[in-house]
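Comments concern the structure below.
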Amino acid sequence: MVSKENSFCYLDNAATSWPKPPAVVAAIQHFYGELGVAAERSGSSRAWTVERAIQKCRRQVKELLSSGTNDSVIFGFNGTDVLNLAIHGVVQAGDHVVTTVAEHNSTLRPLEYLREHLGISVSLAECDSQGLIDPSEIQSLMRPDTSLVCLSHVSNVTGVVQPVEEIGKICQDREVLYLVDAAQSLGHLPVDVKQIGCDFLTSSGHKGLLGPLGTGVLYIAEEANSSVRPLRQGGTGTQSQTSIQPVEMPYRLESGNLNTGGIMGLSAGLTHVLETGLTCIQRHEATLSEKLTQAMGDLKKIRLIGTEAKQRTGTVSFQLEGADPNQIASVLDSAFGFQVRAGLHCAPKMHESLGTLVDGGTVRISPGLFNTEQDIDDLISALREIATNMS
Ligand SMILES: Cc1ncc(COP(=O)(O)O)c(C=O)c1O
């Protein structure tokens with residue numbers, strides 16, 4: 001048995017990336033150990049240092065997205081938080097929204113809430129057997145009262161890359177606002193908001209961007225700046241004499257103290273991503289993923305889900321015939337030291353479409369920037385052993 005009982009190999013980067021570059025940990029330590037002040041809430045030199053660090057992080061996000069100078073970057077607390085900011089901020093009573101079965105609950109649940117409480121209606125585009133969405137279905141679901149189309153750039157279940165640019169053109173033609181959830185693409189592949197043609201793009205800061213938990217980013221195109229109502233109101237450190245929320249970005253949507261230490265960590269993560277280069281990261285993750293899927297394809301009883309899609313990230317989902325995905329993940333952890341994730345991955349409707357809901361979902365392996373080919377070789381040996389023992 002190739003037991004790795006005392007070792008640990010992290011392959012759950014789609015949940016949150018780990019390890020973080022040492023500079024990320026150092027930046028957080030620097031903030032809490034040496035700065036510690038709130039930005040924009042005092043005129044001290046430390047407060048200005050912190051404010052400059054936050055501005056730097058906004059510029060880095062813009063650089064990563066090839067965004068325009070007058071577009072906005074808003075900081076939130078995770079991918080779910082910024083999706084809520086955008087969805088609740090844009091959708092109004094009676095609106096119609098088009099989304100897809102491939103979405104995470106952080107899109108599906110706010111929409112369901114608005115359906116119940118605000119009387120909006122929601123249409124869901126189906127996916128094919130690889131998890132891919134057909135832009136023509138999005139188009140056919142659109143109605144005169146459609147105010148928003150939202151979909152994830154990359155599925156967190158299968159890693160399939162959706163045709164976001166084609167869908168962007170459809171939204172532009174119909175003058176419908178377009179929100180892209182880039183939680184699984186940002187930091188994994190080049191993302192250009194102008195090419196996509198989106199009005200809003202959201203992402204966690206703690207996944208591909210290598211920042212800490214407690215960070216998320218919302219991009220808003222200049223023309224869409226005024227279309228988002230603030231979900232929260234409160235202190236911004238600016239225009240304190242007025243009783244109404246400032247209309248200027250980012251204050252319109254950022255109330256209360258930001259996760260400043262987290263943003264400084266995120267900035268260090270972004271530096272690492274920008275210096276490494278998206279093409280290089282994408283190539284590395286593709287190499288690991290191809291090695292994994294090729295070897296798994298030869299293993300009896302293993303069913304790969306959605307790995308035939310032409311464009312994918314490194315994320316791989318599978319089932320082992322006759323075994324509960326949670327059981328596989330648990331054995332991988334306890335007997336071999338691999339940390340992966342099993343279940344529905346907060347995307348229940350996609351499992352319904354892929355036919356994997358009844359079996360309890362899939363086992364998901366999500367290699368990241370710091371995994372090696374050796375990690376994949378070891379994982380394949382472990383899976384081979386598990387598959388053999390279960391036959
Ligand atoms: C596609 C997608 N959207 C949104 C989220 C929510 O992100 P967070 O966990 O940062 O709230 C996730 C998290 O896994 C995701 O995969």
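Here's how to read the names in the structure tokens: chain A, B, ... by the order shown, residue numbers from 1 in each chain, ligand numbers from 1 in the order shown.
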Taking only C-alpha atoms and all ligand atoms into account, which residues have an atom no farther than 8 Å from ligand 1? I'd like them as JSON, numbers by chain. {"A": [14, 15, 16, 77, 78, 79, 80, 81, 83, 103, 104, 105, 106, 107, 152, 153, 154, 155, 156, 157, 181, 182, 183, 184, 203, 204, 205, 206, 207, 213, 214, 215, 216, 345, 346]}
Please give the complete set of residues from range 6-214 of chain A that DSSP, run on the backbone, assigns to helix (DSSP H, G or I), formatted as an mmCIF file with C-alpha atoms, in the first residue's frame.
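Output file out18.cif follows:
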data_model
loop_
_atom_site.group_PDB
_atom_site.id
_atom_site.type_symbol
_atom_site.label_atom_id
_atom_site.label_comp_id
_atom_site.auth_asym_id
_atom_site.auth_seq_id
_atom_site.Cartn_x
_atom_site.Cartn_y
_atom_site.Cartn_z
ATOM 1 C CA PRO A 22 5.134 33.487 1.740
ATOM 2 C CA ALA A 23 4.729 37.145 0.666
ATOM 3 C CA VAL A 24 0.972 36.866 1.303
ATOM 4 C CA VAL A 25 1.492 35.708 4.887
ATOM 5 C CA ALA A 26 4.201 38.369 5.366
ATOM 6 C CA ALA A 27 1.882 41.137 4.104
ATOM 7 C CA ILE A 28 -0.866 40.155 6.562
ATOM 8 C CA GLN A 29 1.689 39.956 9.372
ATOM 9 C CA HIS A 30 3.057 43.354 8.353
ATOM 10 C CA PHE A 31 -0.398 44.904 8.555
ATOM 11 C CA TYR A 32 -1.333 43.452 11.937
ATOM 12 C CA GLY A 33 2.169 43.660 13.406
ATOM 13 C CA GLU A 34 3.267 47.081 12.212
ATOM 14 C CA LEU A 35 0.416 49.115 10.708
ATOM 15 C CA SER A 45 1.040 58.487 7.975
ATOM 16 C CA ARG A 46 0.232 54.860 8.718
ATOM 17 C CA ALA A 47 -3.339 55.388 7.535
ATOM 18 C CA TRP A 48 -1.981 56.786 4.276
ATOM 19 C CA THR A 49 0.350 53.814 3.898
ATOM 20 C CA VAL A 50 -2.633 51.518 4.271
ATOM 21 C CA GLU A 51 -4.756 53.584 1.870
ATOM 22 C CA ARG A 52 -1.999 53.434 -0.745
ATOM 23 C CA ALA A 53 -1.784 49.665 -0.303
ATOM 24 C CA ILE A 54 -5.531 49.346 -0.929
ATOM 25 C CA GLN A 55 -5.278 51.549 -4.036
ATOM 26 C CA LYS A 56 -2.403 49.395 -5.280
ATOM 27 C CA CYS A 57 -4.542 46.290 -4.932
ATOM 28 C CA ARG A 58 -7.373 47.933 -6.907
ATOM 29 C CA ARG A 59 -4.879 48.783 -9.685
ATOM 30 C CA GLN A 60 -3.581 45.209 -9.706
ATOM 31 C CA VAL A 61 -7.109 43.811 -10.113
ATOM 32 C CA LYS A 62 -7.658 46.222 -13.015
ATOM 33 C CA GLU A 63 -4.374 45.184 -14.608
ATOM 34 C CA LEU A 64 -5.288 41.524 -14.283
ATOM 35 C CA LEU A 65 -8.666 42.129 -15.932
ATOM 36 C CA GLY A 79 -17.093 35.431 -3.845
ATOM 37 C CA THR A 80 -20.559 34.998 -2.326
ATOM 38 C CA ASP A 81 -20.521 38.474 -0.818
ATOM 39 C CA VAL A 82 -19.643 40.233 -4.085
ATOM 40 C CA LEU A 83 -22.169 38.176 -6.061
ATOM 41 C CA ASN A 84 -24.807 39.299 -3.555
ATOM 42 C CA LEU A 85 -23.646 42.921 -3.900
ATOM 43 C CA ALA A 86 -24.097 42.730 -7.649
ATOM 44 C CA ILE A 87 -27.299 40.682 -7.819
ATOM 45 C CA HIS A 88 -29.219 42.458 -5.040
ATOM 46 C CA GLY A 89 -27.832 45.781 -6.259
ATOM 47 C CA VAL A 90 -29.092 45.405 -9.815
ATOM 48 C CA ASN A 105 -25.487 28.412 -4.866
ATOM 49 C CA SER A 106 -23.971 31.851 -4.342
ATOM 50 C CA THR A 107 -25.780 32.861 -7.552
ATOM 51 C CA LEU A 108 -28.762 30.506 -7.368
ATOM 52 C CA ARG A 109 -29.755 31.321 -3.785
ATOM 53 C CA PRO A 110 -29.804 35.142 -4.038
ATOM 54 C CA LEU A 111 -31.910 34.744 -7.193
ATOM 55 C CA GLU A 112 -34.240 32.305 -5.482
ATOM 56 C CA TYR A 113 -34.541 34.732 -2.551
ATOM 57 C CA LEU A 114 -35.466 37.562 -4.935
ATOM 58 C CA ARG A 115 -37.908 35.277 -6.719
ATOM 59 C CA GLU A 116 -39.679 34.556 -3.423
ATOM 60 C CA HIS A 117 -39.501 38.038 -1.909
ATOM 61 C CA LEU A 118 -39.425 40.442 -4.863
ATOM 62 C CA PRO A 135 -25.124 30.667 -26.013
ATOM 63 C CA SER A 136 -28.124 30.225 -28.319
ATOM 64 C CA GLU A 137 -30.111 28.838 -25.390
ATOM 65 C CA ILE A 138 -29.261 31.926 -23.335
ATOM 66 C CA GLN A 139 -30.491 34.025 -26.261
ATOM 67 C CA SER A 140 -33.712 32.083 -26.597
ATOM 68 C CA LEU A 141 -34.459 32.450 -22.871
ATOM 69 C CA VAL A 164 -18.553 33.969 -22.037
ATOM 70 C CA GLU A 165 -17.532 36.151 -24.988
ATOM 71 C CA GLU A 166 -20.301 34.876 -27.265
ATOM 72 C CA ILE A 167 -22.820 35.383 -24.476
ATOM 73 C CA GLY A 168 -21.385 38.874 -23.900
ATOM 74 C CA LYS A 169 -22.131 39.794 -27.527
ATOM 75 C CA ILE A 170 -25.713 38.605 -27.164
ATOM 76 C CA CYS A 171 -26.152 40.703 -24.002
ATOM 77 C CA GLN A 172 -24.656 43.775 -25.676
ATOM 78 C CA ASP A 173 -26.973 43.391 -28.690
ATOM 79 C CA ARG A 174 -29.985 43.119 -26.395
ATOM 80 C CA VAL A 193 -13.352 42.106 -19.236
ATOM 81 C CA LYS A 194 -13.441 44.163 -22.433
ATOM 82 C CA GLN A 195 -13.231 41.051 -24.590
ATOM 83 C CA ILE A 196 -15.892 39.321 -22.515
#
Go through range 150-290 of chain A and collect every residue that DSSP, computed from the backbone, puts in strand (DSSP E); the answer should be as a PyMOL selection string. chain A and resi 150-152+177-181+200-204+216-220
Give me a file of those residues, with N, CA and C atoms, as a JSON list (two decimals), in the first residue's frame.
[["chain", "number", "residue", "atom", "x", "y", "z"],
["A", 150, "CYS", "N", -26.62, 36.14, -15.83],
["A", 150, "CYS", "CA", -25.42, 35.85, -15.03],
["A", 150, "CYS", "C", -25.03, 34.39, -15.15],
["A", 151, "LEU", "N", -23.73, 34.20, -15.30],
["A", 151, "LEU", "CA", -23.22, 32.83, -15.36],
["A", 151, "LEU", "C", -21.77, 32.79, -14.93],
["A", 152, "SER", "N", -21.34, 31.59, -14.54],
["A", 152, "SER", "CA", -19.95, 31.43, -14.12],
["A", 152, "SER", "C", -19.06, 31.17, -15.34],
["A", 177, "LEU", "N", -27.85, 43.75, -18.92],
["A", 177, "LEU", "CA", -26.67, 43.72, -18.06],
["A", 177, "LEU", "C", -26.14, 42.29, -17.94],
["A", 178, "TYR", "N", -24.80, 42.20, -17.82],
["A", 178, "TYR", "CA", -24.16, 40.88, -17.89],
["A", 178, "TYR", "C", -23.17, 40.73, -16.74],
["A", 179, "LEU", "N", -23.41, 39.72, -15.92],
["A", 179, "LEU", "CA", -22.57, 39.45, -14.74],
["A", 179, "LEU", "C", -21.86, 38.11, -14.91],
["A", 180, "VAL", "N", -20.54, 38.13, -14.81],
["A", 180, "VAL", "CA", -19.76, 36.90, -14.92],
["A", 180, "VAL", "C", -19.14, 36.57, -13.57],
["A", 181, "ASP", "N", -19.40, 35.35, -13.10],
["A", 181, "ASP", "CA", -18.80, 34.87, -11.85],
["A", 181, "ASP", "C", -17.48, 34.20, -12.21],
["A", 200, "PHE", "N", -20.36, 43.37, -15.10],
["A", 200, "PHE", "CA", -19.89, 43.03, -13.75],
["A", 200, "PHE", "C", -19.12, 41.72, -13.81],
["A", 201, "LEU", "N", -18.09, 41.65, -12.98],
["A", 201, "LEU", "CA", -17.37, 40.37, -12.85],
["A", 201, "LEU", "C", -16.99, 40.24, -11.38],
["A", 202, "THR", "N", -17.23, 39.06, -10.84],
["A", 202, "THR", "CA", -16.96, 38.84, -9.41],
["A", 202, "THR", "C", -15.96, 37.71, -9.24],
["A", 203, "SER", "N", -15.26, 37.76, -8.14],
["A", 203, "SER", "CA", -14.37, 36.64, -7.81],
["A", 203, "SER", "C", -14.06, 36.63, -6.32],
["A", 204, "SER", "N", -13.80, 35.45, -5.80],
["A", 204, "SER", "CA", -13.19, 35.33, -4.48],
["A", 204, "SER", "C", -11.78, 35.86, -4.62],
["A", 216, "GLY", "N", -12.83, 39.30, -1.47],
["A", 216, "GLY", "CA", -13.55, 39.09, -2.73],
["A", 216, "GLY", "C", -13.50, 40.38, -3.52],
["A", 217, "VAL", "N", -13.63, 40.28, -4.85],
["A", 217, "VAL", "CA", -13.59, 41.50, -5.67],
["A", 217, "VAL", "C", -14.76, 41.54, -6.65],
["A", 218, "LEU", "N", -15.27, 42.77, -6.82],
["A", 218, "LEU", "CA", -16.34, 43.02, -7.79],
["A", 218, "LEU", "C", -15.85, 44.07, -8.77],
["A", 219, "TYR", "N", -15.81, 43.71, -10.05],
["A", 219, "TYR", "CA", -15.47, 44.67, -11.11],
["A", 219, "TYR", "C", -16.78, 45.22, -11.68],
["A", 220, "ILE", "N", -16.83, 46.52, -11.89],
["A", 220, "ILE", "CA", -18.00, 47.13, -12.53],
["A", 220, "ILE", "C", -17.53, 48.02, -13.67]]
Contacts of Leu189 in chain A at 8 Å (only C-alpha atoms; same-chain gap of 3+ positions) as a list in words: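 Final neighbour list, sorted by chain and number: Ser185, Leu186, Leu278, Thr279, Ile281, Gln282 and Thr313 of chain A.
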Would you mind exporting N, CA and C atoms of the selected residues as a PDB file, in the first residue's frame?
ATOM      1  N   SER A 185     -12.102  31.155 -12.497  1.00  0.00           N
ATOM      2  CA  SER A 185     -11.240  31.448 -13.654  1.00  0.00           C
ATOM      3  C   SER A 185     -10.155  32.471 -13.331  1.00  0.00           C
ATOM      4  N   LEU A 186     -10.470  33.413 -12.441  1.00  0.00           N
ATOM      5  CA  LEU A 186      -9.496  34.471 -12.165  1.00  0.00           C
ATOM      6  C   LEU A 186      -8.267  33.890 -11.470  1.00  0.00           C
ATOM      7  N   LEU A 278      -0.379  34.540 -16.376  1.00  0.00           N
ATOM      8  CA  LEU A 278      -1.548  33.673 -16.496  1.00  0.00           C
ATOM      9  C   LEU A 278      -1.326  32.517 -17.469  1.00  0.00           C
ATOM     10  N   THR A 279      -0.579  32.783 -18.545  1.00  0.00           N
ATOM     11  CA  THR A 279      -0.367  31.719 -19.531  1.00  0.00           C
ATOM     12  C   THR A 279       0.432  30.600 -18.892  1.00  0.00           C
ATOM     13  N   ILE A 281       0.609  29.890 -15.635  1.00  0.00           N
ATOM     14  CA  ILE A 281      -0.227  29.204 -14.624  1.00  0.00           C
ATOM     15  C   ILE A 281      -1.184  28.234 -15.331  1.00  0.00           C
ATOM     16  N   GLN A 282      -1.784  28.734 -16.405  1.00  0.00           N
ATOM     17  CA  GLN A 282      -2.752  27.916 -17.145  1.00  0.00           C
ATOM     18  C   GLN A 282      -2.079  26.645 -17.694  1.00  0.00           C
ATOM     19  N   THR A 313     -10.234  24.078 -17.092  1.00  0.00           N
ATOM     20  CA  THR A 313      -9.131  24.409 -16.181  1.00  0.00           C
ATOM     21  C   THR A 313      -8.639  23.085 -15.597  1.00  0.00           C
TER      22      THR A 313
END
Need the shell around Ala329 in chain A: protein/DNA/RNA residues with any atom at most 8 Å away, counting only C-alpha atoms. Skip same-chain ones fewer than 3 positions apart. Format as number ranges by chain? A: 325-326, 332-333, 339-342, 363
Restrict the selected residues to N, CA and C atoms and save them as a short mmCIF file (atom, residue, chain, number, x, y, z; two decimals), in the first residue's frame.
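To be explicit, this is the file written out as part-v7.cif:
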data_model
loop_
_atom_site.label_atom_id
_atom_site.label_comp_id
_atom_site.auth_asym_id
_atom_site.auth_seq_id
_atom_site.Cartn_x
_atom_site.Cartn_y
_atom_site.Cartn_z
N PRO A 325 -19.01 9.19 -3.09
CA PRO A 325 -17.89 10.14 -3.26
C PRO A 325 -17.27 10.56 -1.93
N ASN A 326 -18.11 10.73 -0.89
CA ASN A 326 -17.57 11.14 0.41
C ASN A 326 -16.65 10.08 1.00
N LEU A 332 -9.04 8.83 0.76
CA LEU A 332 -7.88 9.55 0.20
C LEU A 332 -7.19 10.37 1.29
N ASP A 333 -7.98 10.93 2.18
CA ASP A 333 -7.43 11.75 3.26
C ASP A 333 -6.78 10.87 4.34
N GLN A 339 -5.97 15.82 0.31
CA GLN A 339 -7.17 16.57 0.63
C GLN A 339 -7.88 16.99 -0.65
N VAL A 340 -9.04 16.37 -0.89
CA VAL A 340 -9.87 16.69 -2.06
C VAL A 340 -11.27 16.99 -1.54
N ARG A 341 -12.21 17.29 -2.44
CA ARG A 341 -13.56 17.57 -1.95
C ARG A 341 -14.57 16.66 -2.63
N ALA A 342 -15.56 16.22 -1.87
CA ALA A 342 -16.60 15.35 -2.43
C ALA A 342 -17.97 15.95 -2.19
N VAL A 363 -16.33 13.24 -6.73
CA VAL A 363 -15.09 13.58 -6.02
C VAL A 363 -14.41 14.61 -6.91
#
Counting only C-alpha atoms, the residue of A:Leu253, A:Leu209, A:Leu288, A:Val358 that sits nearest Asp377 in chain A: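 Of A:Leu253, A:Leu209, A:Leu288, A:Val358, the one nearest Asp377 in chain A is A:Leu288, counting only C-alpha atoms.
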For Leu299 in chain A, which of A:Ser129, A:Arg312, A:His96, A:Leu383 is the closest residue, counting only C-alpha atoms? A:Leu383
Could you check the closest approach to Met249 in chain A for each of A:Thr388, A:Asn13, A:Ser72, A:Gln92 and tell me which residue wins, using only C-alpha atoms?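 Residue with the minimum atom-to-atom distance to Met249 in chain A: A:Ser72.
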